[in-house]
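Novice: Could you have a look at this structure, given as C-alpha cells, before my questions?
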Number of protein chains: 2
Amino acid sequence: MPKLRPTSLQKAAPVFAALGDPTRLRLIAALCAGGALSIAQLTAGTTITRQAVTKHLETLAGAGLVRDIRQGRERLWELKPSRIDDARRSLDAIAAQWDQALQRLKSFVEK
Amino acid sequence: MPKLRPTSLQKAAPVFAALGDPTRLRLIAALCAGGALSIAQLTAGTTITRQAVTKHLETLAGAGLVRDIRQGRERLWELKPSRIDDARRSLDAIAAQWDQALQRLKSFVEK
DNA sequence: TGTCCGTGCAACCACACGATTGCGCTTTCG
DNA sequence: CGAAAGCGCAATCGTGTGGTTGCACGGACA
C-alpha cells in the first residue's frame with residue numbers, strides 16, 4: 001500500500017474536478033459503453049447544446065481523461081484510462097491511510 | 001465486476017466534486033494523518049482564512065466525506081470513509097467497463 | 001470577573017463555470 | 001455544383017464558488 005503523499009494527491013485534484021459533474025459522468029459512461037463517439041452522437045438524447053457537450057469534452061481532455069480523433073468532418077472522442085487509474089490509486093491511498101488511522105485508534109483504546 | 005449503471009455514477013458526482021479542490025484534498029490528507037482536528041489546527045500552516053477552511057469542511061461534510069464533533073468551545077472534524085469507498089467502487093466500475101471495451105475492440109480487429 | 005481563544009454568522013467581492021446564441025467553415029453526398 | 005451535416009469560434013449571461021472582512025457569541029482559565 002502506498003504512502004499518502006500530499007503532492008501526489010494534489011495531482012489528482014483536476015481529475016476529481018473533471019469527474020465532479022453529472023453531465024461529464026454521463027459522457028464518460030456513454031464512451032465506456034460506445035467506444036469512440038462523435039460530438040453529435042454524444043449530444044443526441046440530451047437536453048443541452050452541442051457546444052455545451054464540446055466544452056465538457058474539452059474539460060475532460062484537459063484532465064487527461066479523454067482524447068479526440070479527427071476523422072473527416074467528424075471529431076470522435078474516446079476514453080483514456082491512465083488518469084482514471086491514477087485517481088483510483090489516490091482513493092486507495094486515502095482509504096488505506098484511513099484504515100491505518102482506525103487501527104491506531106483501536107490499539108490506543110485497548111491499552 | 002459490477003455493471004456501470006449511470007444512476008449509481010450520478011450519485012458519485014458530488015463526492016468527486018468535493019474532492020476536486022486542492023485545499024480540500026489537503027484537508028483530507030491532514031485528517032488522514034492527524035485523526036480529529038479542530039478548525040484552528042487545520043487553518044494553521046495555510047495561507048487562507050479560518051472561514052475559508054470552515055466552508056471547505058462543510059462542503060466535504062455535504063458530500064458525506066467528513067463529520068464534525070462538537071467538544072467544548074472547539075469543533076473537531078474527522079474522516080467518514082463510507083462515501084470514499086463508494087467513489088472507489090465507481091472508479092473501479094469505469095475502469096472495468098473500459099477494459100471490457102478494449103477487449104471487444106481487440107477481438108473485432110483480430111477477426 | 002475579566003479576558004482571550006475558538007467559532008459562528010452575514011455581507012460582500014471577483015472570478016470561474018455551465019450553458020446559450022449566432023455565424024462561418026469544411027466535409028460529405030445527392 | 002449546391003445543400004446539408006458536423007463542427008469551431010466568439011460573445012454573452014446567470015449563477016455558483018472560493019475567499020475575505022467585520023462583528024458577535026460562548027467556553028476556558030487566570
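Ligands are numbered from 1 in the order shown, chains are lettered A, B, ... in the order of the C-alpha cells, and residues start at 1 in each chain.
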Output as a PyMOL selection string all residues of chain B that backbone DSSP marks as strand (DSSP E or B).
Specialist: chain B and resi 37-38+66-71+74-79
Novice: Report the residues of segment 32-110 of chain A whose backbone DSSP state falls under alpha helix (DSSP H), written as a ChimeraX atom specification.
Specialist: /A:32-34,39-43,50-62,82-110
Novice: Chain B superposed on chain A over all ordered C-alpha pairs, least squares: can you write that as an mmCIF file with C-alpha atoms, in the first residue's frame?
Specialist:
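File produced: part.cif:
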```cif
data_model
loop_
_atom_site.group_PDB
_atom_site.id
_atom_site.type_symbol
_atom_site.label_atom_id
_atom_site.label_comp_id
_atom_site.auth_asym_id
_atom_site.auth_seq_id
_atom_site.Cartn_x
_atom_site.Cartn_y
_atom_site.Cartn_z
ATOM 1 C CA MET B 1 0.197 -0.032 0.315
ATOM 2 C CA PRO B 2 1.552 3.338 -0.865
ATOM 3 C CA LYS B 3 2.135 6.234 1.484
ATOM 4 C CA LEU B 4 -0.208 9.187 1.219
ATOM 5 C CA ARG B 5 1.990 11.970 -0.050
ATOM 6 C CA PRO B 6 0.152 15.277 -0.323
ATOM 7 C CA THR B 7 1.925 16.098 -3.575
ATOM 8 C CA SER B 8 0.571 13.046 -5.383
ATOM 9 C CA LEU B 9 -2.882 13.879 -4.081
ATOM 10 C CA GLN B 10 -2.676 17.399 -5.461
ATOM 11 C CA LYS B 11 -2.064 15.990 -8.915
ATOM 12 C CA ALA B 12 -5.326 14.076 -8.682
ATOM 13 C CA ALA B 13 -7.392 17.190 -7.927
ATOM 14 C CA PRO B 14 -8.054 18.184 -11.571
ATOM 15 C CA VAL B 15 -9.159 14.642 -12.354
ATOM 16 C CA PHE B 16 -11.636 14.638 -9.501
ATOM 17 C CA ALA B 17 -12.838 18.089 -10.494
ATOM 18 C CA ALA B 18 -13.445 16.854 -14.033
ATOM 19 C CA LEU B 19 -15.368 13.851 -12.713
ATOM 20 C CA GLY B 20 -17.439 16.007 -10.363
ATOM 21 C CA ASP B 21 -20.155 16.855 -12.857
ATOM 22 C CA PRO B 22 -23.204 14.696 -13.711
ATOM 23 C CA THR B 23 -23.091 15.619 -17.392
ATOM 24 C CA ARG B 24 -19.434 14.666 -17.708
ATOM 25 C CA LEU B 25 -20.006 11.406 -15.850
ATOM 26 C CA ARG B 26 -22.775 10.676 -18.310
ATOM 27 C CA LEU B 27 -20.406 11.331 -21.198
ATOM 28 C CA ILE B 28 -17.849 8.996 -19.681
ATOM 29 C CA ALA B 29 -20.469 6.288 -19.249
ATOM 30 C CA ALA B 30 -21.487 6.706 -22.887
ATOM 31 C CA LEU B 31 -17.884 6.460 -24.063
ATOM 32 C CA CYS B 32 -17.384 3.410 -21.873
ATOM 33 C CA ALA B 33 -20.295 1.655 -23.531
ATOM 34 C CA GLY B 34 -19.966 2.992 -27.042
ATOM 35 C CA GLY B 35 -16.260 3.258 -27.763
ATOM 36 C CA ALA B 36 -15.443 6.296 -29.926
ATOM 37 C CA LEU B 37 -18.396 8.635 -30.479
ATOM 38 C CA SER B 38 -18.855 11.933 -32.279
ATOM 39 C CA ILE B 39 -20.052 15.125 -30.642
ATOM 40 C CA ALA B 40 -23.386 14.885 -32.414
ATOM 41 C CA GLN B 41 -23.866 11.339 -31.161
ATOM 42 C CA LEU B 42 -22.980 12.363 -27.625
ATOM 43 C CA THR B 43 -25.372 15.311 -27.828
ATOM 44 C CA ALA B 44 -28.303 13.231 -29.063
ATOM 45 C CA GLY B 45 -30.541 12.191 -26.202
ATOM 46 C CA THR B 46 -29.537 15.051 -23.964
ATOM 47 C CA THR B 47 -31.259 18.346 -23.276
ATOM 48 C CA ILE B 48 -28.170 20.517 -23.566
ATOM 49 C CA THR B 49 -26.539 22.055 -26.615
ATOM 50 C CA ARG B 50 -23.792 20.643 -28.779
ATOM 51 C CA GLN B 51 -21.452 23.423 -27.665
ATOM 52 C CA ALA B 52 -22.049 22.564 -24.028
ATOM 53 C CA VAL B 53 -21.102 18.957 -24.785
ATOM 54 C CA THR B 54 -17.987 20.186 -26.575
ATOM 55 C CA LYS B 55 -16.959 22.240 -23.549
ATOM 56 C CA HIS B 56 -17.434 19.288 -21.231
ATOM 57 C CA LEU B 57 -15.405 17.060 -23.514
ATOM 58 C CA GLU B 58 -12.574 19.572 -23.570
ATOM 59 C CA THR B 59 -12.695 19.796 -19.812
ATOM 60 C CA LEU B 60 -12.339 16.018 -19.651
ATOM 61 C CA ALA B 61 -9.503 16.224 -22.164
ATOM 62 C CA GLY B 62 -7.784 18.844 -20.035
ATOM 63 C CA ALA B 63 -7.813 16.401 -17.161
ATOM 64 C CA GLY B 64 -6.340 13.717 -19.417
ATOM 65 C CA LEU B 65 -9.419 11.516 -19.189
ATOM 66 C CA VAL B 66 -10.387 11.576 -22.839
ATOM 67 C CA ARG B 67 -8.873 12.065 -26.283
ATOM 68 C CA ASP B 68 -10.230 13.274 -29.627
ATOM 69 C CA ILE B 69 -9.670 11.771 -33.057
ATOM 70 C CA ARG B 70 -10.297 13.910 -36.102
ATOM 71 C CA GLN B 71 -11.883 11.862 -38.850
ATOM 72 C CA GLY B 72 -13.196 13.680 -41.896
ATOM 73 C CA ARG B 73 -15.737 16.252 -40.857
ATOM 74 C CA GLU B 74 -16.352 14.404 -37.609
ATOM 75 C CA ARG B 75 -14.505 14.553 -34.334
ATOM 76 C CA LEU B 76 -14.600 11.305 -32.419
ATOM 77 C CA TRP B 77 -13.910 11.046 -28.705
ATOM 78 C CA GLU B 78 -12.674 8.063 -26.772
ATOM 79 C CA LEU B 79 -11.659 7.256 -23.214
ATOM 80 C CA LYS B 80 -8.064 7.470 -22.039
ATOM 81 C CA PRO B 81 -7.730 5.235 -18.987
ATOM 82 C CA SER B 82 -4.380 6.264 -17.514
ATOM 83 C CA ARG B 83 -5.527 9.156 -15.343
ATOM 84 C CA ILE B 84 -8.491 7.171 -14.115
ATOM 85 C CA ASP B 85 -6.059 4.638 -12.713
ATOM 86 C CA ASP B 86 -4.142 7.471 -11.044
ATOM 87 C CA ALA B 87 -7.325 8.685 -9.372
ATOM 88 C CA ARG B 88 -8.111 5.131 -8.324
ATOM 89 C CA ARG B 89 -4.715 4.814 -6.707
ATOM 90 C CA SER B 90 -5.255 8.085 -4.851
ATOM 91 C CA LEU B 91 -8.548 6.875 -3.426
ATOM 92 C CA ASP B 92 -6.934 3.579 -2.498
ATOM 93 C CA ALA B 93 -4.199 5.482 -0.671
ATOM 94 C CA ILE B 94 -6.752 7.536 1.243
ATOM 95 C CA ALA B 95 -8.715 4.453 2.200
ATOM 96 C CA ALA B 96 -5.565 2.614 3.276
ATOM 97 C CA GLN B 97 -4.388 5.535 5.379
ATOM 98 C CA TRP B 98 -7.816 5.752 6.949
ATOM 99 C CA ASP B 99 -7.826 2.073 7.880
ATOM 100 C CA GLN B 100 -4.411 2.588 9.379
ATOM 101 C CA ALA B 101 -5.694 5.508 11.464
ATOM 102 C CA LEU B 102 -8.611 3.400 12.654
ATOM 103 C CA GLN B 103 -6.153 0.713 13.684
ATOM 104 C CA ARG B 104 -4.103 3.200 15.689
ATOM 105 C CA LEU B 105 -7.219 4.471 17.444
ATOM 106 C CA LYS B 106 -8.320 0.949 18.264
ATOM 107 C CA SER B 107 -5.019 -0.036 19.842
ATOM 108 C CA PHE B 108 -5.007 3.219 21.805
ATOM 109 C CA VAL B 109 -8.425 2.552 23.276
ATOM 110 C CA GLU B 110 -7.517 -1.006 24.166
ATOM 111 C CA LYS B 111 -4.515 0.085 26.217
#
```
Novice: So which residues touch DC23 of chain D within 12 Å, counting only C-alpha atoms (C1' of nucleotides), skipping near sequence neighbours fewer than 3 positions away, as an NGL selection string?
Specialist: :C and (8-11)
Novice: Please provide the set of residues having any atom within 12 Å of DC25 of chain C, restricted to only C-alpha atoms (C1' of nucleotides), with same-chain residues fewer than 4 positions apart removed, written as a list in words.
Specialist: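 The residues satisfying every condition are Arg73 of chain A; DG6, DC7, DG8 and DC9 of chain D.
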Novice: Quick one: which residues from chain C are at most 8 Å off chain A, using only C-alpha atoms (C1' of nucleotides), as a VMD selection string?
Specialist: chain C and resid 18 to 20 26 to 28
Novice: Show me which bits of chain D are within 8 Å of chain B, counting only C-alpha atoms (C1' of nucleotides), as a list in words.
Specialist: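 On the chain D side, the interface is DG18, DG19, DT20, DG26 and DG27 of chain D.
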Novice: How would the residues just picked look written out with C-alpha atoms (C1' of nucleotides) as a tab-separated table (two decimals), in the first residue's frame?
Specialist:
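The result, stored in part.tsv:
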```
chain	number	residue	atom	x	y	z
D	18	DG	C1'	-13.56	30.41	-3.34
D	19	DG	C1'	-12.17	33.88	-0.45
D	20	DT	C1'	-12.33	37.89	2.52
D	26	DG	C1'	-19.94	31.21	24.19
D	27	DG	C1'	-16.46	28.37	26.63
```
